[in-house]
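Reproduced below: query.cif, with mmCIF, C-alpha atoms.
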data_data
loop_
_atom_site.label_atom_id
_atom_site.label_comp_id
_atom_site.auth_asym_id
_atom_site.auth_seq_id
_atom_site.Cartn_x
_atom_site.Cartn_y
_atom_site.Cartn_z
CA MET C 1 47.68 -62.34 13.92
CA ASN C 2 51.31 -62.23 15.19
CA ILE C 3 52.92 -59.39 17.15
CA ASP C 4 54.81 -58.06 14.10
CA THR C 5 51.63 -57.75 12.13
CA PHE C 6 49.92 -55.97 15.01
CA ASN C 7 52.77 -53.46 15.29
CA SER C 8 52.68 -52.92 11.53
CA ILE C 9 48.97 -52.15 11.72
CA LEU C 10 49.55 -49.46 14.35
CA HIS C 11 52.36 -47.95 12.31
CA ILE C 12 50.40 -47.98 9.07
CA ARG C 13 47.27 -46.49 10.65
CA ARG C 14 49.29 -43.63 12.17
CA PHE C 15 50.99 -42.94 8.84
CA LEU C 16 47.75 -42.97 6.84
CA GLN C 17 45.95 -40.71 9.29
CA VAL C 18 48.70 -38.11 8.95
CA TRP C 19 48.62 -38.49 5.14
CA LYS C 20 44.84 -38.11 5.00
CA ALA C 21 44.84 -35.05 7.27
CA SER C 22 47.42 -33.25 5.13
CA ILE C 23 46.42 -34.30 1.59
CA GLY C 24 42.78 -35.37 1.96
CA LYS C 25 42.93 -38.66 0.02
CA ILE C 26 44.89 -41.85 0.46
CA PRO C 27 45.71 -43.56 -2.84
CA THR C 28 45.07 -47.28 -2.68
CA THR C 29 48.38 -47.95 -4.43
CA ILE C 30 50.30 -46.17 -1.67
CA ALA C 31 48.53 -48.22 1.01
CA ILE C 32 49.50 -51.48 -0.73
CA ILE C 33 53.11 -50.34 -1.22
CA ILE C 34 53.35 -49.50 2.49
CA ILE C 35 52.13 -52.97 3.38
CA ASN C 36 54.67 -54.59 1.06
CA ARG C 37 57.49 -52.35 2.33
CA SER C 38 56.52 -52.56 6.00
CA GLY C 39 59.27 -55.07 6.73
CA THR C 40 56.77 -57.62 8.01
CA ARG C 41 56.81 -61.14 6.67
CA SER C 42 53.08 -61.27 6.49
CA THR C 43 51.07 -64.19 5.30
CA GLY C 44 48.09 -63.68 2.98
CA HIS C 45 45.87 -63.86 6.03
CA ASP C 46 47.91 -61.19 7.84
CA THR C 47 47.84 -58.90 4.82
CA HIS C 48 44.05 -59.25 4.77
CA ASP C 49 43.97 -58.27 8.45
CA ILE C 50 46.07 -55.19 7.75
CA LEU C 51 43.81 -54.10 4.90
CA ASN C 52 40.74 -54.51 7.10
CA ALA C 53 42.38 -52.50 9.87
CA ILE C 54 43.11 -49.52 7.66
CA GLU C 55 39.82 -49.65 5.76
CA ASP C 56 38.16 -46.98 7.89
CA VAL C 57 41.09 -44.63 7.32
CA ALA C 58 41.44 -45.25 3.59
CA ALA C 59 37.71 -45.40 2.83
CA THR C 60 37.86 -42.37 0.56
CA THR C 61 40.74 -43.64 -1.55
CA THR C 62 40.58 -43.57 -5.30
CA SER C 63 42.96 -44.75 -7.99
CA ASP C 64 43.35 -41.27 -9.44
CA MET C 65 45.60 -38.50 -8.15
CA THR C 66 48.20 -41.11 -7.15
CA PRO C 67 51.51 -39.36 -6.36
CA ALA C 68 54.94 -40.88 -6.83
CA VAL C 69 56.68 -42.37 -3.77
CA THR C 70 59.95 -40.53 -3.49
CA ASN C 71 61.54 -42.53 -0.68
CA THR C 72 61.31 -45.87 -2.47
CA THR C 73 62.29 -47.24 -5.86
CA VAL C 74 58.66 -48.10 -6.59
CA ALA C 75 56.59 -45.33 -8.16
CA ALA C 76 52.84 -45.36 -8.48
CA PRO C 77 51.79 -44.93 -12.10
CA ALA C 78 49.59 -41.92 -12.84
CA THR C 79 46.12 -42.76 -14.06
CA PRO C 80 43.73 -40.54 -16.03
CA THR C 81 41.52 -38.35 -13.92
CA SER C 82 37.86 -39.41 -13.83
CA THR C 83 34.85 -37.63 -12.39
CA ALA C 84 33.15 -39.81 -9.80
CA VAL C 85 29.39 -39.37 -9.51
CA SER C 86 28.31 -39.86 -5.92
CA PRO C 87 25.03 -41.79 -5.54
CA ARG C 88 21.93 -39.96 -4.35
CA ARG C 89 21.34 -40.33 -0.65
CA THR C 90 17.86 -41.54 0.32
CA HIS C 91 16.02 -42.12 3.59
CA SER C 92 16.28 -45.64 4.94
CA THR C 93 13.19 -47.84 5.10
CA ARG C 94 13.08 -47.37 8.87
CA GLU C 95 13.20 -43.57 8.51
CA GLN C 96 10.41 -43.62 5.93
CA LEU C 97 8.22 -45.81 8.15
CA HIS C 98 8.85 -43.37 10.99
CA GLN C 99 7.76 -40.46 8.76
CA ILE C 100 4.61 -42.35 7.72
CA VAL C 101 3.60 -43.15 11.31
CA ALA C 102 4.31 -39.61 12.54
CA GLY C 103 2.41 -38.05 9.63
CA GLY C 104 -0.61 -40.32 10.05
CA MET C 105 -0.84 -39.89 13.82
CA SER C 106 -0.47 -36.10 13.70
CA ALA C 107 -3.24 -35.93 11.08
CA ALA C 108 -5.59 -38.21 13.06
CA ILE C 109 -5.18 -36.26 16.31
CA THR C 110 -5.64 -32.94 14.53
CA ARG C 111 -8.78 -34.07 12.68
CA SER C 112 -10.50 -35.36 15.82
CA THR C 113 -9.86 -32.05 17.56
CA CYS C 114 -10.85 -29.69 14.76
CA GLN C 115 -13.80 -31.45 13.07
CA PRO C 116 -16.51 -29.14 14.57
CA LEU C 117 -14.75 -26.10 13.08
CA ASP C 118 -14.68 -27.86 9.71
CA VAL C 119 -18.43 -28.41 9.84
CA LEU C 120 -19.02 -24.71 10.57
CA LYS C 121 -16.64 -23.66 7.80
CA ILE C 122 -18.33 -25.81 5.15
CA ARG C 123 -21.84 -24.72 6.14
CA PHE C 124 -20.83 -21.07 5.78
CA GLN C 125 -19.01 -21.62 2.49
CA LEU C 126 -22.00 -23.29 0.85
CA GLN C 127 -24.52 -20.65 1.91
CA VAL C 128 -25.33 -18.24 -0.92
CA GLU C 129 -27.39 -15.89 1.30
CA PRO C 130 -25.43 -13.23 3.26
CA LEU C 131 -23.98 -14.18 6.64
CA GLY C 132 -24.48 -10.82 8.24
CA SER C 133 -25.98 -7.60 6.94
CA LYS C 134 -27.59 -4.40 8.12
CA ASN C 135 -30.53 -5.26 5.89
CA LYS C 136 -32.80 -7.30 8.16
CA LYS C 137 -34.77 -8.74 5.24
CA LEU C 138 -31.61 -10.27 3.78
CA VAL C 139 -30.53 -11.61 7.16
CA GLN C 140 -33.93 -13.23 7.75
CA SER C 141 -33.49 -15.27 4.57
CA SER C 142 -30.14 -16.65 5.78
CA LYS C 143 -29.98 -19.90 7.73
CA TYR C 144 -26.68 -18.96 9.39
CA THR C 145 -25.71 -15.39 10.25
CA SER C 146 -22.81 -15.74 12.71
CA ILE C 147 -20.66 -18.37 14.40
CA ASN C 148 -22.62 -18.28 17.68
CA GLN C 149 -25.96 -18.43 15.89
CA ALA C 150 -24.76 -21.27 13.66
CA VAL C 151 -23.55 -23.33 16.64
CA ARG C 152 -26.90 -22.90 18.40
CA THR C 153 -28.90 -23.70 15.24
CA ILE C 154 -26.93 -26.85 14.39
CA TYR C 155 -27.13 -28.10 17.98
CA ARG C 156 -30.87 -27.41 18.24
CA GLU C 157 -31.83 -28.93 14.88
CA GLU C 158 -29.34 -31.79 14.54
CA GLY C 159 -27.87 -32.49 17.97
CA LEU C 160 -24.29 -32.56 19.28
CA LEU C 161 -23.11 -35.30 16.94
CA ALA C 162 -23.86 -33.04 13.96
CA PHE C 163 -20.55 -31.29 14.65
CA TRP C 164 -18.83 -34.55 13.76
CA LYS C 165 -20.84 -35.22 10.59
CA GLY C 166 -18.67 -36.78 7.93
CA HIS C 167 -15.99 -37.51 10.51
CA ASN C 168 -15.26 -41.09 9.38
CA PRO C 169 -14.37 -40.24 5.76
CA ALA C 170 -12.73 -37.05 7.01
CA GLN C 171 -10.54 -39.05 9.40
CA VAL C 172 -9.49 -41.48 6.68
CA LEU C 173 -8.89 -38.49 4.40
CA SER C 174 -6.73 -36.76 7.00
CA ILE C 175 -4.60 -39.83 7.69
CA MET C 176 -4.06 -40.48 3.98
CA TYR C 177 -3.35 -36.80 3.40
CA GLY C 178 -0.94 -36.52 6.33
CA ILE C 179 1.00 -39.64 5.38
CA CYS C 180 1.29 -38.68 1.72
CA GLN C 181 2.14 -35.05 2.42
CA PHE C 182 4.83 -35.50 5.06
CA TRP C 183 6.39 -38.57 3.41
CA THR C 184 6.54 -36.84 0.00
CA TYR C 185 7.93 -33.65 1.54
CA GLU C 186 10.72 -35.49 3.35
CA GLN C 187 11.81 -37.34 0.20
CA LEU C 188 11.70 -34.21 -1.97
CA SER C 189 13.46 -32.14 0.68
CA LEU C 190 16.34 -34.62 0.88
CA LEU C 191 16.59 -34.64 -2.91
CA ALA C 192 16.57 -30.82 -3.04
CA LYS C 193 19.49 -30.67 -0.59
CA GLN C 194 21.53 -32.65 -3.11
CA THR C 195 20.87 -30.31 -6.05
CA HIS C 196 23.29 -27.50 -6.88
CA TYR C 197 20.72 -24.69 -6.84
CA LEU C 198 18.13 -25.58 -4.21
CA LYS C 199 20.66 -26.55 -1.53
CA ASP C 200 21.68 -22.87 -1.39
CA HIS C 201 18.09 -21.53 -1.50
CA THR C 202 16.45 -23.15 1.51
CA HIS C 203 13.25 -21.11 1.59
CA LEU C 204 12.54 -21.65 -2.10
CA SER C 205 13.27 -25.36 -1.62
CA ASN C 206 10.80 -25.55 1.28
CA PHE C 207 8.11 -23.82 -0.80
CA ILE C 208 8.56 -26.05 -3.86
CA CYS C 209 8.73 -29.28 -1.84
CA GLY C 210 5.72 -28.27 0.26
CA ALA C 211 3.68 -27.33 -2.81
CA ALA C 212 4.51 -30.60 -4.59
CA ALA C 213 3.76 -32.65 -1.47
CA GLY C 214 0.41 -30.89 -1.00
CA ALA C 215 -0.54 -31.44 -4.65
CA ALA C 216 0.27 -35.15 -4.45
CA ALA C 217 -1.74 -35.52 -1.24
CA VAL C 218 -4.81 -33.69 -2.58
CA ILE C 219 -4.95 -35.85 -5.73
CA ILE C 220 -5.06 -38.97 -3.55
CA SER C 221 -7.55 -37.61 -1.02
CA THR C 222 -10.04 -35.66 -3.20
CA PRO C 223 -12.63 -38.51 -3.45
CA LEU C 224 -12.88 -38.66 0.34
CA ASP C 225 -13.11 -34.87 0.49
CA VAL C 226 -16.10 -34.94 -1.87
CA ILE C 227 -17.86 -37.55 0.31
CA ARG C 228 -17.11 -35.63 3.51
CA THR C 229 -18.40 -32.36 2.07
CA ARG C 230 -21.68 -33.89 0.91
CA LEU C 231 -22.30 -35.68 4.20
CA ILE C 232 -21.88 -32.37 6.02
CA ALA C 233 -23.94 -30.38 3.49
CA GLN C 234 -26.97 -32.70 3.17
CA ASP C 235 -30.34 -32.40 4.89
CA THR C 236 -30.91 -34.50 8.00
CA SER C 237 -33.39 -36.90 6.38
CA LYS C 238 -31.99 -36.88 2.84
CA GLY C 239 -28.84 -37.77 0.96
CA TYR C 240 -26.46 -40.60 1.82
CA ARG C 241 -26.81 -42.84 4.87
CA ASN C 242 -23.05 -43.39 5.14
CA ALA C 243 -19.78 -42.98 3.25
CA THR C 244 -20.00 -46.38 1.52
CA ARG C 245 -23.41 -45.62 0.03
CA ALA C 246 -22.17 -42.18 -0.96
CA VAL C 247 -19.43 -43.73 -3.11
CA THR C 248 -21.90 -46.07 -4.81
CA ALA C 249 -24.43 -43.30 -5.48
CA ILE C 250 -21.89 -40.80 -6.81
CA VAL C 251 -20.26 -43.28 -9.19
CA ARG C 252 -23.66 -44.52 -10.42
CA GLN C 253 -25.20 -41.09 -10.94
CA GLU C 254 -22.22 -38.96 -11.93
CA GLY C 255 -19.56 -41.43 -13.01
CA PRO C 256 -15.99 -41.69 -11.65
CA ARG C 257 -15.41 -38.02 -12.45
CA GLY C 258 -17.96 -37.15 -9.78
CA MET C 259 -15.46 -38.34 -7.15
CA TYR C 260 -13.01 -35.68 -8.35
CA ARG C 261 -15.29 -32.65 -8.42
CA GLY C 262 -13.38 -29.52 -7.43
CA LEU C 263 -9.94 -31.07 -8.06
CA SER C 264 -8.72 -28.19 -10.25
CA SER C 265 -9.61 -25.55 -7.66
CA ALA C 266 -8.19 -27.79 -4.92
CA LEU C 267 -4.84 -27.91 -6.72
CA LEU C 268 -4.89 -24.14 -7.24
CA GLN C 269 -5.53 -23.75 -3.53
CA ILE C 270 -3.38 -26.46 -1.97
CA ALA C 271 -0.11 -25.98 -3.87
CA PRO C 272 0.52 -22.38 -2.73
CA LEU C 273 -1.13 -23.12 0.63
CA MET C 274 1.16 -25.98 1.62
CA GLY C 275 4.18 -24.35 -0.03
CA THR C 276 3.63 -21.27 2.12
CA ASN C 277 2.88 -23.42 5.17
CA PHE C 278 6.15 -25.34 5.03
CA MET C 279 8.22 -22.31 4.05
CA ALA C 280 6.74 -20.02 6.72
CA TYR C 281 6.87 -22.66 9.46
CA ARG C 282 10.55 -23.37 8.84
CA LEU C 283 11.36 -19.68 8.39
CA PHE C 284 9.69 -18.82 11.70
CA SER C 285 11.39 -21.84 13.30
CA GLU C 286 14.84 -20.59 12.30
CA SER C 287 14.16 -17.26 14.00
CA ALA C 288 12.85 -19.05 17.10
CA CYS C 289 15.90 -21.34 17.24
CA THR C 290 18.15 -18.28 17.12
CA PHE C 291 16.14 -16.57 19.87
CA PHE C 292 16.10 -19.62 22.18
CA GLU C 293 19.69 -20.56 21.22
CA VAL C 294 18.89 -24.15 20.25
CA GLU C 295 20.20 -26.12 17.27
CA ASP C 296 17.00 -27.82 16.09
CA ARG C 297 13.32 -26.82 16.14
CA SER C 298 12.40 -30.13 17.81
CA LYS C 299 14.12 -28.76 20.93
CA LEU C 300 11.89 -25.68 21.03
CA PRO C 301 9.15 -25.52 23.71
CA THR C 302 5.84 -27.04 22.65
CA TRP C 303 3.98 -23.75 23.03
CA THR C 304 6.47 -22.12 20.65
CA LEU C 305 5.92 -24.80 18.00
CA LEU C 306 2.16 -24.34 18.35
CA ALA C 307 2.50 -20.56 17.93
CA LEU C 308 4.74 -20.98 14.88
CA GLY C 309 2.32 -23.43 13.27
CA ALA C 310 -0.69 -21.21 13.99
CA SER C 311 1.02 -18.17 12.46
CA SER C 312 2.05 -19.98 9.28
CA GLY C 313 -1.40 -21.58 8.93
CA MET C 314 -3.25 -18.29 9.28
CA LEU C 315 -0.94 -16.52 6.83
CA SER C 316 -1.16 -19.18 4.12
CA LYS C 317 -4.93 -19.70 4.43
CA THR C 318 -5.68 -16.00 4.10
CA ILE C 319 -3.84 -15.93 0.76
CA VAL C 320 -5.64 -18.85 -0.88
CA TYR C 321 -9.04 -18.85 0.86
CA PRO C 322 -11.22 -17.99 -2.19
CA PHE C 323 -10.06 -21.16 -3.95
CA ASP C 324 -11.16 -23.22 -0.95
CA LEU C 325 -14.66 -21.70 -1.14
CA ILE C 326 -14.85 -22.37 -4.89
CA LYS C 327 -13.75 -25.96 -4.35
CA LYS C 328 -16.53 -26.62 -1.84
CA ARG C 329 -19.19 -25.15 -4.10
CA LEU C 330 -18.05 -27.27 -7.03
CA GLN C 331 -18.11 -30.42 -4.90
CA ILE C 332 -21.87 -30.17 -4.30
CA GLN C 333 -22.89 -29.65 -7.93
CA GLY C 334 -25.60 -32.21 -8.76
CA PHE C 335 -26.42 -32.60 -5.05
CA GLU C 336 -28.95 -29.76 -4.76
CA GLN C 337 -32.02 -31.94 -4.11
CA ASN C 338 -30.47 -33.23 -0.86
CA ARG C 339 -29.88 -29.82 0.77
CA GLN C 340 -33.08 -27.85 0.19
CA THR C 341 -33.35 -26.61 3.78
CA PHE C 342 -30.04 -24.76 3.47
CA GLY C 343 -31.26 -22.14 0.99
CA GLN C 344 -29.95 -21.55 -2.53
CA THR C 345 -27.26 -23.63 -4.21
CA LEU C 346 -25.09 -21.88 -6.77
CA GLN C 347 -25.21 -23.57 -10.19
CA CYS C 348 -21.85 -23.31 -11.93
CA ASN C 349 -19.55 -25.06 -14.38
CA GLY C 350 -15.88 -24.94 -13.56
CA VAL C 351 -13.65 -22.70 -11.47
CA TRP C 352 -13.92 -19.52 -13.54
CA ASP C 353 -17.72 -19.69 -13.86
CA CYS C 354 -18.10 -20.30 -10.12
CA LEU C 355 -15.79 -17.39 -9.34
CA GLN C 356 -17.73 -15.03 -11.63
CA GLN C 357 -21.13 -16.01 -10.30
CA THR C 358 -20.03 -15.70 -6.69
CA VAL C 359 -18.71 -12.18 -7.21
CA ARG C 360 -21.75 -11.18 -9.30
CA GLN C 361 -24.34 -12.37 -6.76
CA GLU C 362 -22.51 -11.88 -3.45
CA GLY C 363 -19.79 -9.37 -4.16
CA VAL C 364 -16.08 -9.76 -3.46
CA ARG C 365 -16.90 -10.35 0.20
CA GLY C 366 -18.71 -13.50 -0.89
CA LEU C 367 -15.33 -15.06 -1.70
CA TYR C 368 -14.48 -14.85 2.01
CA LYS C 369 -17.64 -16.34 3.47
CA GLY C 370 -16.75 -18.51 6.43
CA VAL C 371 -13.27 -17.03 6.68
CA ALA C 372 -13.52 -16.53 10.47
CA PRO C 373 -14.04 -20.22 11.43
CA THR C 374 -11.65 -21.16 8.63
CA LEU C 375 -8.80 -19.06 9.99
CA LEU C 376 -9.50 -20.35 13.49
CA LYS C 377 -9.51 -23.91 12.21
CA SER C 378 -6.47 -23.39 9.96
CA SER C 379 -4.34 -21.87 12.71
CA LEU C 380 -5.30 -24.63 15.14
CA THR C 381 -4.86 -27.50 12.68
CA THR C 382 -1.52 -26.25 11.34
CA ALA C 383 -0.26 -25.66 14.87
CA LEU C 384 -1.17 -29.21 15.91
CA TYR C 385 -0.12 -30.70 12.58
CA PHE C 386 3.47 -29.50 12.57
CA SER C 387 4.15 -29.53 16.31
CA ILE C 388 2.83 -33.09 16.79
CA TYR C 389 4.76 -34.29 13.75
CA ASP C 390 8.02 -32.73 14.97
CA LYS C 391 7.54 -34.22 18.44
CA LEU C 392 6.63 -37.68 17.12
CA LYS C 393 9.75 -37.68 14.94
CA GLN C 394 11.81 -37.69 18.14
CA VAL C 395 10.10 -40.86 19.36
CA ARG C 396 11.81 -44.07 18.28
CA PHE C 397 9.28 -46.83 17.70
#
Before we go any further, please render this structure as structure tokens.
Amino acid sequence: MNIDTFNSILHIRRFLQVWKASIGKIPTTIAIIIINRSGTRSTGHDTHDILNAIEDVAATTTSDMTPAVTNTTVAAPATPTSTAVSPRRTHSTREQLHQIVAGGMSAAITRSTCQPLDVLKIRFQLQVEPLGSKNKKLVQSSKYTSINQAVRTIYREEGLLAFWKGHNPAQVLSIMYGICQFWTYEQLSLLAKQTHYLKDHTHLSNFICGAAAGAAAVIISTPLDVIRTRLIAQDTSKGYRNATRAVTAIVRQEGPRGMYRGLSSALLQIAPLMGTNFMAYRLFSESACTFFEVEDRSKLPTWTLLALGASSGMLSKTIVYPFDLIKKRLQIQGFEQNRQTFGQTLQCNGVWDCLQQTVRQEGVRGLYKGVAPTLLKSSLTTALYFSIYDKLKQVRF
């Protein structure tokens, strides 16, 4: 490139930057006219260099809205106006892999920490007899009456490892669930930001994307949830020896549909649960960011993220808890012979029948059996879930 061409590039860049700042678009025709009128005897190679040099300035040029050039005898012809449709922006492959790794790791860590609370929750949910009552006769017929008593009973009868019963399928379930949920949410959230309505209604967008992500994740993970529930609910010397044999037995005895027992109640529970989780967590995060005067929630202190996650988890779980109890009871239908030491097993067909029978036999309070360990577990898991995910997103693998 000769010195004249270099000087022309500087002159053209300065001119186009001023044009772009004042008008907003740089017509391609004008750029070419300037090159031809620049007074430089440029070769084809030099002209190519000039075009490359101004490409970053004229990147937004279009052939429409081309004004006439008043200071030259050459006028740019007007072209019909056309509406350009900008392509949808998507996450890069690297970003999506990062979301998958962060979602899977946050789920794995959370599951390992909270599994004992899950065992307690399921044992309480499946017990038809009252958990605590002033009537001593009723209490005597109950295997578990309180959290402390349940912990002591499980440890005495089944040992310490009983608190991690069903952990292997539960861990696989959690990783699959975490990956599917966070990955789906991130894709839907980016898409929602590019829609005319949802981009201006952030909280509604967070709820819809969270609900859809939770529904997608629960459809994928329900078979593992059925296996985990039965491994936790079975007698010590009965039932399935491991998760692999559980799959074989369920499919052989109940058909493929047996792997999806409780799916309808799970969807009724998980969609509003995760929608509220994501919406509340981000709503609380906005308030915290304002209070701490930071731009992004990832810059908030870890204890604050944990508190925000715990609050959103407790709020959302309280709203949808009865559906979680119904789901667990539906998942053990046809499994009664393997849990005879745990008392009665409610016989029901479908969500509505299970709901009616529970209220008829146990009262409205029966719909909230096991709510104490559930809220403790939900607040802890949601706190770890979101805070670990947000922190891992900052790490570049």
Handout entry: Exercise: segment 116-121 of chain C partners within 12 Å, all atoms listed in the file, chain neighbours under 5 positions left out, as a ChimeraX atom specification
Key = /C:110-111,126-127,144-155,160-167,170-171,225,228-234,321,324-325,328,368-381
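Proximity ranking of C:Phe207, C:Tyr281, C:Phe323, C:Phe335 relative to Leu305 of chain C places C:Tyr281 first, based on all atoms listed in the file.
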Problem - Answer as a PyMOL selection string, residues within 12 Å of (-32.2, -25.8, 4.6) using all atoms listed in the file - result: chain C and resi 123+126-129+141-144+153-154+157-158+233-238+336-345
Exercise for the section: Identify which of the residues C:Thr276, C:Ser205, C:Gln347, C:Gln361 lies closest to Ile319 of chain C, counting all atoms listed in the file when measuring atom-to-atom distances. Expected result: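 For Ile319 of chain C, the nearest of the given residues is C:Thr276.
The smallest atom-to-atom distance between Tyr185 of chain C and any of C:Phe124, C:Tyr197, C:Phe278, C:Trp303, using only C-alpha atoms, is found for C:Phe278.
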Exercise for the section: Do a neighbour search on Gln269 of chain C at 12 Å with all atoms listed in the file, toss out local chain neighbours closer than 5 positions, and write the hits as a list in words. Expected result: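 Counting only the stated atoms, we get Ala211, Gly214, Ala215, Val218, Gly262, Leu263, Ser264, Met274, Gly275, Thr276, Ser316, Lys317, Thr318, Ile319, Val320, Tyr321, Pro322, Phe323, Asp324, Leu325, Ile326, Lys327, Lys328 and Val351 of chain C.
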Practice task
Determine the nearest neighbour of Ile208 of chain C from the options C:Ala271, C:Thr113, C:Ile179, C:Thr222, counting only C-alpha atoms.
Solution key: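 Looking only at the distances to Ile208 of chain C, the closest residue turns out to be C:Ala271.
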Exercise for the section: In Å, rounded to a single decimal, give me how far atom CA of Ala310 of chain C is from atom CA of Ala383 of chain C. Expected result: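 These two atoms are separated by 4.6 Å.
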Handout entry: Contact residues around Val364 of chain C with only C-alpha atoms at 12 Å, ignoring same-chain residues under 6 positions, as a PyMOL selection string
Key = chain C and resi 322+355-358
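Applied to the file shown here, the PyMOL selection byres ((chain C and resi 107) around 6) selects the residues Gly104, Met105, Ser106, Ala108, Ile109, Thr110, Ser174, Ile175 and Gly178 of chain C.
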Handout entry: Minimum-distance residue to Leu315 of chain C, chosen among C:Leu267, C:Val247, C:Leu273, C:Leu173 (using all atoms listed in the file)
Key =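 That would be C:Leu273, the residue with the smallest distance to Leu315 of chain C.
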Which neighbours of Asp353 of chain C fall inside 12 Å, counting all atoms listed in the file, when residues of the same chain fewer than 5 positions from it are skipped, and could you give them as a PDB file with C-alpha atoms, keeping the file's coordinate frame?
ATOM      1  CA  SER C 265      -9.610 -25.550  -7.660  1.00  0.00           C
ATOM      2  CA  ILE C 326     -14.850 -22.370  -4.890  1.00  0.00           C
ATOM      3  CA  ARG C 329     -19.190 -25.150  -4.100  1.00  0.00           C
ATOM      4  CA  LEU C 330     -18.050 -27.270  -7.030  1.00  0.00           C
ATOM      5  CA  LEU C 346     -25.090 -21.880  -6.770  1.00  0.00           C
ATOM      6  CA  GLN C 347     -25.210 -23.570 -10.190  1.00  0.00           C
ATOM      7  CA  CYS C 348     -21.850 -23.310 -11.930  1.00  0.00           C
ATOM      8  CA  THR C 358     -20.030 -15.700  -6.690  1.00  0.00           C
ATOM      9  CA  VAL C 359     -18.710 -12.180  -7.210  1.00  0.00           C
ATOM     10  CA  ARG C 360     -21.750 -11.180  -9.300  1.00  0.00           C
TER      11      ARG C 360
END
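Here atom CA of Ser312 of chain C and atom CA of Glu286 of chain C stand 13.2 Å from one another.
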What's the 8 Å shell around Pro223 of chain C, counting all atoms listed in the file, without same-chain residues fewer than 3 positions away, as a CSV table (one decimal) with C-alpha atoms, keeping the file's coordinate frame?
chain,number,residue,atom,x,y,z
C,220,ILE,CA,-5.1,-39.0,-3.6
C,226,VAL,CA,-16.1,-34.9,-1.9
C,227,ILE,CA,-17.9,-37.6,0.3
C,259,MET,CA,-15.5,-38.3,-7.2
C,260,TYR,CA,-13.0,-35.7,-8.4
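Interatomic distance, atom CA of Val395 of chain C to atom CA of Glu95 of chain C: 11.6 Å.
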Determine the axis-aligned bounding box of all atoms of segment 387-394 of chain C present in the file, pad each side by 8 Å, and express its centre and edge lengths in Å to one decimal place as lines of an AutoDock Vina configuration file.
center_x = 7.3
center_y = -33.6
center_z = 16.1
size_x = 25.0
size_y = 24.2
size_z = 20.7
Got a moment to write segment 321-336 of chain C out with C-alpha atoms, as a compact mmCIF listing (two decimals), in the first residue's frame?
# COMPACT_ATOMS: atom_id res chain seq x y z
CA TYR C 321 -46.26 -28.81 48.04
CA PRO C 322 -49.51 -30.88 47.87
CA PHE C 323 -48.73 -31.85 44.27
CA ASP C 324 -45.33 -33.16 45.38
CA LEU C 325 -47.00 -35.38 47.99
CA ILE C 326 -49.52 -36.69 45.43
CA LYS C 327 -46.71 -37.43 42.99
CA LYS C 328 -44.83 -39.56 45.52
CA ARG C 329 -47.93 -41.54 46.43
CA LEU C 330 -48.70 -42.26 42.80
CA GLN C 331 -45.13 -43.43 42.17
CA ILE C 332 -45.45 -46.34 44.63
CA GLN C 333 -48.74 -47.72 43.29
CA GLY C 334 -48.26 -51.44 42.62
CA PHE C 335 -45.30 -51.54 45.03
CA GLU C 336 -47.24 -52.18 48.25
